[in-house]
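Please read the structure below before turning to the comments.
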Amino acid sequence: MKILSVENLSKSFGGIHANRDISFDISAGEILGIIGPNGAGKSTLFDLITGYTKADSGKILFNDNNIFGMRPDKISNLGIGRTFQKLKPFADLTLLENVMIGSFAKESNIKNARDKALEIIDFVDLIEKRHHFARELSTGQRKRLELARAMAIEPKLLLMDEVTGGVDQKTIPGLVDLILKMKAAGVTIATIEHNINIIMEISDDILALDQGQRIAYGKPEEIQKNDRVIDAYLGTVDVA
Amino acid sequence: MENTLNTARLEPVWHTNRRIMLLLAALALFLVIFPLFGPNSFYLHLMIMIFMYAVMAQSWNVIAGLSGQISLGHGLFFGIGAYTSSFLFVEYGVTPWIGIFIGMFFSAVIAVLIGIPMLRLSGHYFAIATLLIGISFQLVFQRWEWVGAASGLWIPLTEESSWLALQFHDSKVPYYYVFLAFFIISYFFVWRLSLSKIGFRLRAVRDDYQAASSLGIDVSKYKIIAYAISAIVMAPMGSLFAQYILIVDPDRMFNLEISILVLLMTVLGGIGNIWGPLIGVAILIPISEYSRIYLGGTGGAVDLIFYGLILMLICIFRPAGLISLFPKHILERKKQR
């Protein structure tokens, strides 16, 4: 069952086409990996879907509701959560308080919101750090914080923008396990990733972008062999 | 890990530092019994001014500290509160106790009405807009005959002191207790607010409005809520001050200085912390009142020179305000770690 359908989505900034006629679907319970070189329009695509940037044209259907042009908070309340490429923790609040703010989307009672937040913090393996201020956490821990906070709104679809970006190599396997754990918990996921090995390992489908355009869309094994992806993402190797 | 989760579930929802609570209880007790020591009327007046400005600065702390919006025209709600209760008392004989609540209601309505268009502005644009709105209210009231125009309203003296009319001719002690009660209620209210769902959401808006909206928070709505709550906290001080000095006029009640003072006091003490405004007020009000005594009239503006100097020092050495001088473990929840 399709949870998200994007049809011919376009956005230009002046003369630059950030996204041009992008179409794809995400099925419930799956992971869609989004890849592409820097400037391919991946984060812009997330901004268009979540309402942070208004698309010029196209259609975005979430559970058959047209969410094109809706405000970010309304889209969030419909069940689309997201994390940001540039981390946005509430720095002067504790980890627990950060996640509680997410819990308040569905829960008004303070104690219930706290208990729910604790469970999610435990889920992302940060329970020992619950009373630490967000500013005191490492980058990897902040990434988990953002995932926990987004999970707290009980999203049907979670958009993750470079979860493994900017963290040390030792931290990456834990984050990948966490993504798979979230999938197992029933969350549908779209994730932007630069690490091609990770994306091949975790994705059910892959969308490849280059210069704002869709250059490939399909199963990981198809994408891996796609010439345009190899050319755009890895660069053409001329063998003399 | 399961054990830690179970332990975490059993923790109190809010950590409170017992020593701080005892200190606060002792302070509250001292404030309650202070008039029993027979202080002269100057000290009572000084304390009344501290209570009043502490509430006003706390009101500003709600909009600036909790939601991150800098208002430069917050004295507007002081004036609305003062004029509403005074007008109702002078024209219709409505007791100021009811007038206070009607003033709070009008202030909230005005905050919402001007907040809807203005809170779409961000940063200094919002600050400038609030400054101009504050000034324009003063101009309107200076020309509005129905409320006495530039002369304002003189609150008629009751024959005898009266709790119903909130007038006390023989002593400042009843005023002291009224202001003290509003001070305690306001601080308790803002403390509870900061720990509520609304308080959390406001802090999320303050820290990062994009992250906040990704969690389903309507940023504009919450900014308006903060502005309205802030107005509700400020308005009663206008009403009470009017009863204290028995006159309301536009130059006094919509004075730009009020807006600037509450900002200075909060910045001095520490924005965003509930005790910040009180610390700022406890330092600046005595300077202001003593300079008034020793230099006469408006204090020869020496207090303003002091304010400027202190503010410069704070900006250079303690940008987080004087509250940051307190030991970190008291302010942060280290105990639970």
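We name chains A, B, ... following the order of the structure tokens; residues begin at 1 in each chain, and ligands are numbered from 1 as shown.
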
Practice item. With a distance cut-off of 10 Å and only C-alpha atoms, select the neighbouring residues of Gly174 in chain A, excluding the residue or stretch itself and same-chain residues fewer than 4 positions from it, and output the selection as a PyMOL selection string. Key: chain A and resi 124-125+140+144+164+169-170+178-180

What are the residues of chain B lining chain A at 10 Å or less? Count only C-alpha atoms, and put the answer as a PDB file with C-alpha atoms, in the first residue's frame.
ATOM      1  CA  MET B   1      19.053  -0.932  30.395  1.00  0.00           C
ATOM      2  CA  GLU B   2      15.596  -2.157  31.404  1.00  0.00           C
ATOM      3  CA  THR B   4      17.512   2.120  34.108  1.00  0.00           C
ATOM      4  CA  LEU B   5      14.213   2.612  32.298  1.00  0.00           C
ATOM      5  CA  ASN B   6      12.291   1.390  35.330  1.00  0.00           C
ATOM      6  CA  ALA B   8      13.687   6.579  35.246  1.00  0.00           C
ATOM      7  CA  ARG B   9       9.944   5.911  35.335  1.00  0.00           C
ATOM      8  CA  LEU B  10       9.987   6.163  39.113  1.00  0.00           C
ATOM      9  CA  PRO B  12       9.677  12.536  40.041  1.00  0.00           C
ATOM     10  CA  VAL B  13       8.434  14.279  36.908  1.00  0.00           C
ATOM     11  CA  TRP B  14      10.148  17.475  37.992  1.00  0.00           C
ATOM     12  CA  LEU B 195       6.765  23.241  33.128  1.00  0.00           C
ATOM     13  CA  SER B 196       3.540  22.747  31.179  1.00  0.00           C
ATOM     14  CA  LYS B 197       2.961  21.527  27.648  1.00  0.00           C
ATOM     15  CA  ILE B 198       2.577  25.154  26.531  1.00  0.00           C
ATOM     16  CA  GLY B 199       5.835  26.121  28.268  1.00  0.00           C
ATOM     17  CA  PHE B 200       7.737  23.315  26.602  1.00  0.00           C
ATOM     18  CA  ARG B 201       6.333  24.157  23.221  1.00  0.00           C
ATOM     19  CA  LEU B 202       7.204  27.833  23.685  1.00  0.00           C
ATOM     20  CA  ARG B 203      10.802  26.949  24.497  1.00  0.00           C
ATOM     21  CA  ALA B 204      10.909  24.766  21.411  1.00  0.00           C
ATOM     22  CA  VAL B 205       9.712  27.736  19.318  1.00  0.00           C
ATOM     23  CA  ARG B 206      12.349  29.934  20.965  1.00  0.00           C
ATOM     24  CA  ASP B 207      15.222  27.501  20.412  1.00  0.00           C
ATOM     25  CA  ASP B 208      14.436  26.453  16.844  1.00  0.00           C
ATOM     26  CA  TYR B 209      11.165  27.251  15.154  1.00  0.00           C
ATOM     27  CA  GLN B 210      11.807  24.854  12.254  1.00  0.00           C
ATOM     28  CA  ALA B 211      12.452  21.916  14.553  1.00  0.00           C
ATOM     29  CA  ALA B 212       9.402  22.972  16.563  1.00  0.00           C
ATOM     30  CA  SER B 213       7.115  22.930  13.541  1.00  0.00           C
ATOM     31  CA  SER B 214       8.479  19.503  12.550  1.00  0.00           C
ATOM     32  CA  LEU B 215       6.979  18.304  15.850  1.00  0.00           C
ATOM     33  CA  GLY B 216       3.519  19.628  14.993  1.00  0.00           C
ATOM     34  CA  ILE B 217       3.821  22.974  16.772  1.00  0.00           C
ATOM     35  CA  ASP B 218       2.008  25.884  15.131  1.00  0.00           C
ATOM     36  CA  VAL B 219       4.756  28.463  15.650  1.00  0.00           C
ATOM     37  CA  GLU B 332      21.133  22.399  36.201  1.00  0.00           C
ATOM     38  CA  ARG B 333      19.723  19.025  37.107  1.00  0.00           C
ATOM     39  CA  LYS B 334      23.026  17.410  37.846  1.00  0.00           C
ATOM     40  CA  LYS B 335      21.584  15.514  40.788  1.00  0.00           C
ATOM     41  CA  GLN B 336      19.596  13.249  38.522  1.00  0.00           C
ATOM     42  CA  ARG B 337      22.541  12.283  36.336  1.00  0.00           C
TER      43      ARG B 337
END

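When CA of Lys219 in chain A is paired with CA of Lys181 in chain A, their separation reads 20.8 Å.
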
Practice item. Excluding Ala320 in chain B and residues on its chain fewer than 5 positions from it, collect all residues at most 12 Å away from it, counting only C-alpha atoms, and give them as an MDAnalysis selection string. Key: chainID B and resid 65 266:273 276 311 313:315 325:326

Keeping only N, CA and C atoms, write the selected residues as an mmCIF file, in the first residue's frame.
data_model
loop_
_atom_site.group_PDB
_atom_site.id
_atom_site.type_symbol
_atom_site.label_atom_id
_atom_site.label_comp_id
_atom_site.auth_asym_id
_atom_site.auth_seq_id
_atom_site.Cartn_x
_atom_site.Cartn_y
_atom_site.Cartn_z
ATOM 1 N N GLY B 65 11.876 35.453 27.089
ATOM 2 C CA GLY B 65 12.625 34.305 27.592
ATOM 3 C C GLY B 65 12.032 32.974 27.191
ATOM 4 N N THR B 266 15.369 42.368 33.139
ATOM 5 C CA THR B 266 15.402 40.948 32.786
ATOM 6 C C THR B 266 16.755 40.570 32.201
ATOM 7 N N VAL B 267 17.286 41.440 31.342
ATOM 8 C CA VAL B 267 18.603 41.157 30.748
ATOM 9 C C VAL B 267 19.666 41.109 31.848
ATOM 10 N N LEU B 268 19.562 42.034 32.784
ATOM 11 C CA LEU B 268 20.523 42.072 33.878
ATOM 12 C C LEU B 268 20.479 40.788 34.704
ATOM 13 N N GLY B 269 19.275 40.362 35.041
ATOM 14 C CA GLY B 269 19.138 39.165 35.877
ATOM 15 C C GLY B 269 19.378 37.887 35.100
ATOM 16 N N GLY B 270 18.866 37.834 33.891
ATOM 17 C CA GLY B 270 19.027 36.629 33.058
ATOM 18 C C GLY B 270 17.726 36.268 32.368
ATOM 19 N N ILE B 271 17.726 36.391 31.036
ATOM 20 C CA ILE B 271 16.524 36.075 30.253
ATOM 21 C C ILE B 271 16.293 34.565 30.265
ATOM 22 N N GLY B 272 15.029 34.184 30.350
ATOM 23 C CA GLY B 272 14.676 32.772 30.195
ATOM 24 C C GLY B 272 14.702 31.987 31.487
ATOM 25 N N ASN B 273 15.228 32.582 32.536
ATOM 26 C CA ASN B 273 15.226 31.924 33.841
ATOM 27 C C ASN B 273 14.201 32.630 34.714
ATOM 28 N N GLY B 276 15.669 35.235 37.024
ATOM 29 C CA GLY B 276 16.438 36.315 36.391
ATOM 30 C C GLY B 276 15.810 37.688 36.605
ATOM 31 N N LEU B 311 24.421 47.500 32.304
ATOM 32 C CA LEU B 311 24.070 46.714 31.114
ATOM 33 C C LEU B 311 25.301 46.436 30.249
ATOM 34 N N LEU B 313 28.390 46.298 31.272
ATOM 35 C CA LEU B 313 29.230 45.322 31.975
ATOM 36 C C LEU B 313 28.663 43.911 31.836
ATOM 37 N N ILE B 314 27.341 43.813 31.943
ATOM 38 C CA ILE B 314 26.695 42.510 31.824
ATOM 39 C C ILE B 314 26.915 41.931 30.428
ATOM 40 N N CYS B 315 26.710 42.792 29.414
ATOM 41 C CA CYS B 315 26.869 42.312 28.034
ATOM 42 C C CYS B 315 28.292 41.814 27.788
ATOM 43 N N LEU B 325 25.899 33.676 37.602
ATOM 44 C CA LEU B 325 26.918 33.675 38.658
ATOM 45 C C LEU B 325 26.657 32.576 39.678
ATOM 46 N N PHE B 326 25.415 32.120 39.730
ATOM 47 C CA PHE B 326 25.076 31.080 40.701
ATOM 48 C C PHE B 326 25.744 29.762 40.291
#

Exercise for review: Could you please write out, as number ranges by chain, every residue of range 79-216 of chain B that DSSP assigns to helix (DSSP H, G or I)?
Suggested key: B: 79-92, 96-118, 123-143, 145-147, 149-151, 173-194, 197-207, 209-214

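Taking CA of Asp303 in chain B and CA of Ala282 in chain B as endpoints, the distance between them is 13.8 Å.
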
**Study point:** Length of the CA of Ala148 in chain A to CA of Phe46 in chain A vector [Å]
**Key:** 18.6 Å

Check your understanding: Which neighbours of Leu44 in chain B fall inside 8 Å, counting only C-alpha atoms, when residues of the same chain fewer than 4 positions from it are skipped, and could you give them as a ChimeraX atom specification?
Key -> /B:35,39-40,48,172-173,176

Check your understanding: Could you pull the residues within 9 Å of Glu30 in chain A, counting only C-alpha atoms, minus those fewer than 6 positions along the same chain, as a PyMOL selection string?
Key -> chain A and resi 183+186-190+203-205

Write out the residues from the selection above, keeping C-alpha atoms, as a short mmCIF file (atom, residue, chain, number, x, y, z; two decimals), in the first residue's frame.
data_model
loop_
_atom_site.label_atom_id
_atom_site.label_comp_id
_atom_site.auth_asym_id
_atom_site.auth_seq_id
_atom_site.Cartn_x
_atom_site.Cartn_y
_atom_site.Cartn_z
CA LYS A 183 11.58 -0.26 10.37
CA GLY A 186 6.58 -0.49 11.73
CA VAL A 187 7.80 2.96 10.74
CA THR A 188 8.00 3.70 7.02
CA ILE A 189 11.25 5.51 6.26
CA ALA A 190 12.77 7.66 3.56
CA SER A 203 16.79 0.13 1.34
CA ASP A 204 13.84 -1.61 -0.26
CA ASP A 205 13.82 0.95 -3.06
#

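Within range 63-276 of chain B, the backbone-based DSSP assignment of strand (DSSP E or B) covers Leu153, Trp154, Ser162, Gln167, Ile247 and Val248 of chain B.
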